[in-house]
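Quick look at model01.csv (CSV, C-alpha atoms and all ligand atoms):
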```csv
chain,number,residue,atom,x,y,z
A,184,MET,CA,-8.9,-18.5,-19.2
A,185,ALA,CA,-8.1,-15.3,-21.0
A,186,ALA,CA,-5.6,-12.9,-19.3
A,187,GLN,CA,-7.4,-10.9,-16.6
A,188,LYS,CA,-7.3,-7.2,-16.6
A,189,THR,CA,-7.7,-5.4,-13.2
A,190,LEU,CA,-9.1,-1.9,-12.8
A,191,THR,CA,-7.6,-0.6,-9.6
A,192,ILE,CA,-9.2,2.3,-7.7
A,193,ASP,CA,-7.6,4.2,-4.9
A,194,ILE,CA,-10.1,6.2,-2.8
A,195,GLY,CA,-8.3,9.0,-1.0
A,196,GLY,CA,-9.4,11.9,1.2
A,197,SER,CA,-8.8,14.4,-1.6
A,198,GLY,CA,-8.7,12.4,-4.9
A,199,ILE,CA,-9.9,9.1,-6.4
A,200,LYS,CA,-7.4,7.5,-8.7
A,201,ALA,CA,-7.8,4.7,-11.3
A,202,MET,CA,-5.6,2.6,-13.6
A,203,VAL,CA,-5.9,-0.7,-15.4
A,204,LEU,CA,-3.3,-3.4,-14.8
A,205,ASP,CA,-2.5,-6.4,-17.1
A,206,ALA,CA,-2.4,-10.0,-15.9
A,207,GLU,CA,1.2,-9.4,-14.6
A,208,GLY,CA,0.2,-6.2,-12.7
A,209,ASN,CA,1.8,-3.8,-15.2
A,210,PRO,CA,-0.1,-0.6,-16.0
A,211,ILE,CA,-2.1,-0.4,-19.2
A,212,GLY,CA,-2.9,3.1,-20.2
A,213,GLU,CA,-3.0,6.2,-18.1
A,214,ARG,CA,-3.7,6.9,-14.4
A,215,THR,CA,-6.8,9.1,-14.1
A,216,ARG,CA,-8.0,11.1,-11.2
A,217,VAL,CA,-11.2,12.9,-10.0
A,218,SER,CA,-11.5,14.9,-6.8
A,219,THR,CA,-13.2,13.3,-3.8
A,220,PRO,CA,-16.7,14.8,-3.2
A,221,LYS,CA,-17.5,16.6,0.0
A,222,PRO,CA,-19.2,15.2,2.0
A,223,ALA,CA,-17.7,11.9,0.8
A,224,LYS,CA,-20.8,9.8,1.3
A,225,PRO,CA,-21.2,6.5,-0.6
A,226,ASP,CA,-23.9,7.9,-2.9
A,227,ALA,CA,-21.6,10.8,-3.9
A,228,VAL,CA,-18.4,8.7,-4.2
A,229,LEU,CA,-19.7,5.7,-6.1
A,230,PRO,CA,-20.9,7.7,-9.3
A,231,ARG,CA,-17.3,9.2,-9.5
A,232,ILE,CA,-15.8,5.7,-9.4
A,233,VAL,CA,-18.3,4.6,-12.1
A,234,LYS,CA,-17.2,7.6,-14.2
A,235,LEU,CA,-13.5,6.8,-13.8
A,236,ALA,CA,-14.2,3.2,-14.7
A,237,LYS,CA,-16.0,4.3,-17.9
A,238,GLN,CA,-13.0,6.4,-19.0
A,239,GLN,CA,-10.6,3.4,-18.6
A,240,SER,CA,-10.0,0.6,-21.1
A,241,ASP,CA,-11.7,-2.8,-20.8
A,242,PHE,CA,-11.2,-4.7,-17.5
A,243,ASP,CA,-12.5,-7.9,-16.0
A,244,ARG,CA,-12.4,-7.2,-12.3
A,245,VAL,CA,-12.0,-4.3,-9.9
A,246,SER,CA,-9.7,-3.8,-6.9
A,247,ILE,CA,-10.4,-1.0,-4.4
A,248,GLY,CA,-8.0,0.6,-1.9
A,249,PHE,CA,-10.3,2.1,0.8
A,250,PRO,CA,-9.1,4.6,3.5
A,251,GLY,CA,-10.3,2.7,6.5
A,252,VAL,CA,-10.3,-0.6,8.4
A,253,MET,CA,-11.8,-3.3,6.2
A,254,ARG,CA,-13.2,-6.7,7.1
A,255,ASN,CA,-14.4,-9.0,4.4
A,256,GLY,CA,-14.6,-6.1,2.0
A,257,VAL,CA,-16.8,-4.0,4.3
A,258,PRO,CA,-15.5,-0.7,5.9
A,259,LEU,CA,-15.4,-0.7,9.7
A,260,THR,CA,-14.1,2.9,9.8
A,261,ALA,CA,-13.8,5.8,7.4
A,262,VAL,CA,-12.4,8.7,9.4
A,263,ASN,CA,-11.5,10.9,6.4
A,264,LEU,CA,-14.6,10.1,4.3
A,265,HIS,CA,-18.0,9.8,6.0
A,266,ASP,CA,-19.6,7.6,8.7
A,267,ASN,CA,-22.2,6.4,6.2
A,268,TRP,CA,-19.4,4.0,4.9
A,269,ILE,CA,-19.3,2.0,8.1
A,270,GLY,CA,-20.9,-1.3,7.3
A,271,PHE,CA,-21.6,-0.3,3.7
A,272,ASP,CA,-21.5,-3.2,1.2
A,273,LEU,CA,-18.8,-1.6,-1.0
A,274,GLU,CA,-17.9,-4.8,-2.9
A,275,GLY,CA,-21.5,-5.8,-3.6
A,276,THR,CA,-22.8,-2.4,-4.5
A,277,LEU,CA,-20.0,-1.5,-6.9
A,278,SER,CA,-20.0,-5.0,-8.4
A,279,GLU,CA,-23.7,-4.5,-9.3
A,280,GLN,CA,-23.0,-1.0,-10.7
A,281,LEU,CA,-20.0,-2.1,-12.8
A,282,GLY,CA,-21.1,-5.6,-13.7
A,283,LYS,CA,-17.7,-7.0,-12.6
A,284,PRO,CA,-16.4,-8.7,-9.5
A,285,VAL,CA,-15.0,-6.3,-7.0
A,286,ARG,CA,-12.6,-6.8,-4.1
A,287,ALA,CA,-11.8,-4.0,-1.5
A,288,LEU,CA,-8.9,-3.7,1.0
A,289,ASN,CA,-7.4,-1.0,3.1
A,290,ASP,CA,-5.6,1.6,0.9
A,291,ALA,CA,-2.3,1.3,2.8
A,292,ASP,CA,-2.4,-2.5,2.5
A,293,VAL,CA,-2.9,-2.2,-1.3
A,294,GLN,CA,-0.1,0.3,-1.5
A,295,GLY,CA,2.1,-2.0,0.4
A,296,TYR,CA,1.5,-4.9,-2.0
A,297,GLY,CA,2.7,-2.6,-4.7
A,298,ALA,CA,5.9,-1.7,-2.9
A,299,ILE,CA,7.3,-4.6,-0.9
A,300,SER,CA,9.9,-7.2,-1.8
A,301,GLY,CA,8.3,-10.1,0.0
A,302,LYS,CA,11.3,-10.7,2.3
A,303,GLY,CA,11.3,-10.4,6.1
A,304,VAL,CA,9.4,-7.7,8.1
A,305,GLU,CA,8.4,-4.8,5.9
A,306,LEU,CA,6.5,-1.8,7.2
A,307,VAL,CA,4.6,0.6,4.9
A,308,ILE,CA,3.4,4.1,5.9
A,309,THR,CA,1.4,6.5,3.7
A,310,LEU,CA,1.4,10.2,4.0
A,311,GLY,CA,-1.7,11.8,2.5
A,312,THR,CA,-4.9,13.2,4.0
A,313,GLY,CA,-4.7,10.4,6.5
A,314,PHE,CA,-1.7,8.4,7.8
A,315,GLY,CA,-1.9,4.8,6.5
A,316,SER,CA,0.1,1.9,7.8
A,317,ALA,CA,0.6,-1.8,6.7
A,318,LEU,CA,2.8,-4.6,7.9
A,319,PHE,CA,4.0,-7.6,5.9
A,320,VAL,CA,6.0,-10.6,7.0
A,321,ASP,CA,7.6,-12.5,4.2
A,322,GLY,CA,5.1,-11.0,1.8
A,323,LYS,CA,2.1,-11.9,4.0
A,324,LEU,CA,-0.1,-9.1,5.2
A,325,VAL,CA,-0.8,-8.6,8.9
A,326,PRO,CA,-4.3,-7.1,8.4
A,327,ASN,CA,-5.6,-3.9,9.8
A,328,LEU,CA,-2.5,-2.3,11.4
A,329,GLU,CA,-3.8,1.2,12.2
A,330,MET,CA,-1.0,3.3,13.4
A,331,GLY,CA,-2.7,6.5,12.3
A,332,HIS,CA,-4.9,6.9,15.3
A,333,HIS,CA,-2.3,5.8,17.8
A,334,LEU,CA,-0.7,8.4,20.0
A,335,PHE,CA,2.5,9.9,18.9
A,336,ARG,CA,4.3,12.8,20.8
A,337,GLY,CA,2.0,13.6,23.6
A,338,ARG,CA,-1.7,13.6,23.2
A,339,ARG,CA,-2.0,13.8,19.4
A,340,THR,CA,-2.0,10.9,17.0
A,341,TYR,CA,0.4,10.0,14.1
A,342,GLU,CA,-2.4,11.2,11.7
A,343,GLU,CA,-2.9,14.5,13.5
A,344,HIS,CA,0.8,15.3,13.4
A,345,LEU,CA,1.8,13.7,10.0
A,346,GLY,CA,-1.3,13.8,7.8
A,347,SER,CA,-2.1,16.7,5.5
A,348,ALA,CA,-3.7,18.8,8.3
A,349,GLY,CA,-0.6,18.3,10.5
A,350,LEU,CA,1.7,19.3,7.6
A,351,LYS,CA,-0.3,22.5,7.0
A,352,LYS,CA,-0.3,23.4,10.6
A,353,ALA,CA,3.4,22.7,11.4
A,354,GLY,CA,4.9,23.7,8.1
A,355,ARG,CA,7.0,21.5,5.9
A,356,LYS,CA,10.3,21.6,7.9
A,357,LYS,CA,8.8,20.9,11.3
A,358,TRP,CA,6.6,18.2,9.7
A,359,GLU,CA,9.7,16.6,8.1
A,360,ARG,CA,11.4,16.6,11.5
A,361,ARG,CA,8.5,14.8,13.0
A,362,ILE,CA,8.5,12.2,10.2
A,363,HIS,CA,12.1,11.5,11.2
A,364,GLN,CA,11.1,11.1,14.8
A,365,ALA,CA,8.3,8.8,13.7
A,366,ILE,CA,10.7,6.7,11.7
A,367,ALA,CA,13.0,6.2,14.7
A,368,ALA,CA,10.0,5.3,16.9
A,369,LEU,CA,8.7,2.8,14.3
A,370,GLU,CA,12.1,1.2,13.8
A,371,TYR,CA,12.4,0.7,17.6
A,372,LEU,CA,9.0,-0.9,17.7
A,373,PHE,CA,8.9,-3.1,14.6
A,374,ASN,CA,12.6,-3.8,13.8
A,375,TYR,CA,11.6,-3.9,10.2
A,376,GLU,CA,14.0,-4.7,7.4
A,377,THR,CA,12.6,-2.0,5.2
A,378,LEU,CA,10.2,0.8,5.7
A,379,TYR,CA,8.4,2.1,2.6
A,380,ILE,CA,6.9,5.6,2.6
A,381,GLY,CA,4.2,6.3,0.1
A,382,GLY,CA,1.3,8.7,-0.4
A,383,GLY,CA,1.1,12.1,-2.1
A,384,ASN,CA,3.1,13.9,0.6
A,385,ALA,CA,6.0,11.5,0.6
A,386,GLN,CA,7.5,13.5,-2.3
A,387,LYS,CA,7.8,16.5,0.1
A,388,LEU,CA,10.5,14.8,2.2
A,389,LYS,CA,13.9,16.3,1.3
A,390,ARG,CA,16.3,15.2,4.1
A,391,GLU,CA,18.4,12.1,3.7
A,392,LEU,CA,16.6,9.0,5.0
A,393,PRO,CA,18.2,6.0,6.8
A,394,PRO,CA,19.4,3.3,4.3
A,395,ASN,CA,16.5,0.9,5.1
A,396,VAL,CA,13.8,3.5,4.3
A,397,LYS,CA,12.5,3.9,0.8
A,398,ILE,CA,10.1,6.4,-0.8
A,399,VAL,CA,7.7,4.7,-3.1
A,400,PRO,CA,6.0,6.4,-6.1
A,401,ASN,CA,2.4,7.3,-5.7
A,402,VAL,CA,1.5,4.8,-8.4
A,403,ALA,CA,2.2,1.9,-5.9
A,404,GLY,CA,-1.2,2.7,-4.4
A,405,LEU,CA,-2.7,1.3,-7.7
A,406,LEU,CA,0.0,-1.3,-8.7
A,407,GLY,CA,-0.8,-3.3,-5.6
A,408,GLY,CA,-4.3,-3.9,-6.8
A,409,ILE,CA,-3.3,-7.2,-8.6
A,410,ALA,CA,-2.5,-8.8,-5.2
A,411,LEU,CA,-6.1,-8.9,-4.1
A,412,TRP,CA,-6.7,-11.6,-6.7
A,413,ARG,CA,-3.8,-13.9,-5.9
A,414,GLY,CA,-4.4,-17.4,-4.5
A,501,LIG,C1,-7.4,5.4,8.2
A,501,LIG,C2,-6.6,4.2,7.6
A,501,LIG,C3,-6.1,4.6,6.2
A,501,LIG,C4,-5.3,6.0,6.3
A,501,LIG,C5,-4.8,6.4,5.0
A,501,LIG,C6,-6.6,6.6,8.2
A,501,LIG,O1,-7.3,7.7,8.7
A,501,LIG,O2,-7.9,5.1,9.5
A,501,LIG,O3,-7.3,3.1,7.6
A,501,LIG,O4,-5.2,3.6,5.7
A,501,LIG,O5,-6.1,7.0,6.9
A,501,LIG,O6,-5.8,6.7,4.1
```

Show me, as structure tokens, the structure contained in the file I just sent.
Ligand code: BGC
Amino acid sequence: MAAQKTLTIDIGGSGIKAMVLDAEGNPIGERTRVSTPKPAKPDAVLPRIVKLAKQQSDFDRVSIGFPGVMRNGVPLTAVNLHDNWIGFDLEGTLSEQLGKPVRALNDADVQGYGAISGKGVELVITLGTGFGSALFVDGKLVPNLEMGHHLFRGRRTYEEHLGSAGLKKAGRKKWERRIHQAIAALEYLFNYETLYIGGGNAQKLKRELPPNVKIVPNVAGLLGGIALWRG
């Protein structure tokens, strides 16, 4: 079989990103981005994905990172997009529109695949519009870890404190302090070997991090797309 090229799409609350990966998962060509429509209903988002796909070089299959809980490629939640996504046949509809096989997984799970080493307990959090989380044990994903809507510091959730809205409300310094509190809480809970922090806002962290915490480049959200076709 000829080497497979994978178009990976990362659907975020503010932007939709795309990149093509070669058979080894290395990027081919440029990462492209369009803004996420508001309201972000399926019939508004899908044409933008098709547009991004057309701008990219040839590809054989498509991986999607979706910002919600996924089961068998179908969203069960979509807090930062629109409720019309719940139960929507994302893989089937997009596959029909692009004429290629499509697989979809939670965005933080895809990001994690692009970042982890595959050894021991590895936790991934993503700082963007939402607060994403993914857990891996020896490279195997524990599906649907949803820390974002779990309580953190009183009556608010991780996402309310640490997502983009929380950053705006608290200001960068306070937000960063809270991230460090969250890191301590998460280490106490998961006893991970490494914690990876991704997402667009990860670059805003300035203070020194514990040695087992790593910032991953935003592109990891797309690099992980190859993992959806393994095995
Ligand atoms: C969603 C998660 C998602 C995260 C980052 C949260 O609001 O519930 O599933 O991974 O945002 O996009």

Task: Spatial neighbours of Lys237 of chain A, 12 Å, all atoms listed in the file, chain gap at least 2 places, as a list in words - done: Leu190, Ala201, Met202, Val203, Thr215, Pro230, Arg231, Ile232, Val233, Lys234, Leu235, Gln239, Ser240, Asp241, Phe242, Gln280, Leu281 and Gly282 of chain A

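Interatomic distance, atom CA of Pro400 of chain A against atom CA of Ser278 of chain A: 28.5 Å.
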
If the limit is 10 Å from any atom of ligand LIG 501 (chain A), counting all atoms listed in the file, which residues qualify? Return them as a CSV table (one decimal) with C-alpha atoms, in the coordinates of the input.
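Below is the file that was written, out_29.csv:
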```
chain,number,residue,atom,x,y,z
A,193,ASP,CA,-7.6,4.2,-4.9
A,194,ILE,CA,-10.1,6.2,-2.8
A,195,GLY,CA,-8.3,9.0,-1.0
A,196,GLY,CA,-9.4,11.9,1.2
A,248,GLY,CA,-8.0,0.6,-1.9
A,249,PHE,CA,-10.3,2.1,0.8
A,250,PRO,CA,-9.1,4.6,3.5
A,251,GLY,CA,-10.3,2.7,6.5
A,252,VAL,CA,-10.3,-0.6,8.4
A,253,MET,CA,-11.8,-3.3,6.2
A,258,PRO,CA,-15.5,-0.7,5.9
A,259,LEU,CA,-15.4,-0.7,9.7
A,260,THR,CA,-14.1,2.9,9.8
A,261,ALA,CA,-13.8,5.8,7.4
A,262,VAL,CA,-12.4,8.7,9.4
A,263,ASN,CA,-11.5,10.9,6.4
A,264,LEU,CA,-14.6,10.1,4.3
A,288,LEU,CA,-8.9,-3.7,1.0
A,289,ASN,CA,-7.4,-1.0,3.1
A,290,ASP,CA,-5.6,1.6,0.9
A,291,ALA,CA,-2.3,1.3,2.8
A,292,ASP,CA,-2.4,-2.5,2.5
A,293,VAL,CA,-2.9,-2.2,-1.3
A,294,GLN,CA,-0.1,0.3,-1.5
A,308,ILE,CA,3.4,4.1,5.9
A,309,THR,CA,1.4,6.5,3.7
A,310,LEU,CA,1.4,10.2,4.0
A,311,GLY,CA,-1.7,11.8,2.5
A,312,THR,CA,-4.9,13.2,4.0
A,313,GLY,CA,-4.7,10.4,6.5
A,314,PHE,CA,-1.7,8.4,7.8
A,315,GLY,CA,-1.9,4.8,6.5
A,316,SER,CA,0.1,1.9,7.8
A,317,ALA,CA,0.6,-1.8,6.7
A,327,ASN,CA,-5.6,-3.9,9.8
A,328,LEU,CA,-2.5,-2.3,11.4
A,329,GLU,CA,-3.8,1.2,12.2
A,330,MET,CA,-1.0,3.3,13.4
A,331,GLY,CA,-2.7,6.5,12.3
A,332,HIS,CA,-4.9,6.9,15.3
A,341,TYR,CA,0.4,10.0,14.1
A,342,GLU,CA,-2.4,11.2,11.7
A,343,GLU,CA,-2.9,14.5,13.5
A,346,GLY,CA,-1.3,13.8,7.8
A,382,GLY,CA,1.3,8.7,-0.4
```

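Pairwise distance (atom CA of Val402 of chain A, atom CA of Glu213 of chain A) equals 10.8 Å.
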
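One distance worth recording is that between atom CA of Ser218 of chain A and atom CA of Ser197 of chain A, which is 5.9 Å.
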
- [ ] Rank nothing, just name the residue among A:Leu388, A:Gly198, A:Leu204, A:Glu359 nearest to Ala186 of chain A, using all atoms listed in the file.
- [x] A:Leu204

Open item on the list: List as number ranges by chain the residues having at least one atom at most 12 Å from position (-6.3, -11.2, -2.5) as given in the file, counting only C-alpha atoms.
Closed with: A: 245-248, 255-256, 285-289, 292-293, 296, 323-324, 326, 407-414

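Closest approach to Val257 of chain A among A:Glu391, A:Glu274, A:Glu376, A:Asp321: A:Glu274, based on only C-alpha atoms.
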
Open item on the list: I need every residue sitting at most 12 Å from the point (14.8, 1.9, 11.6) (coordinates as in the file, only C-alpha atoms considered), written as a PyMOL selection string.
Closed with: chain A and resi 304-306+363-379+392-397

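Of the listed residues A:Ile398, A:Leu229, A:Ile362, A:Ala348, the one whose atoms come nearest to Phe335 of chain A is A:Ile362, with distances taken using all atoms listed in the file.
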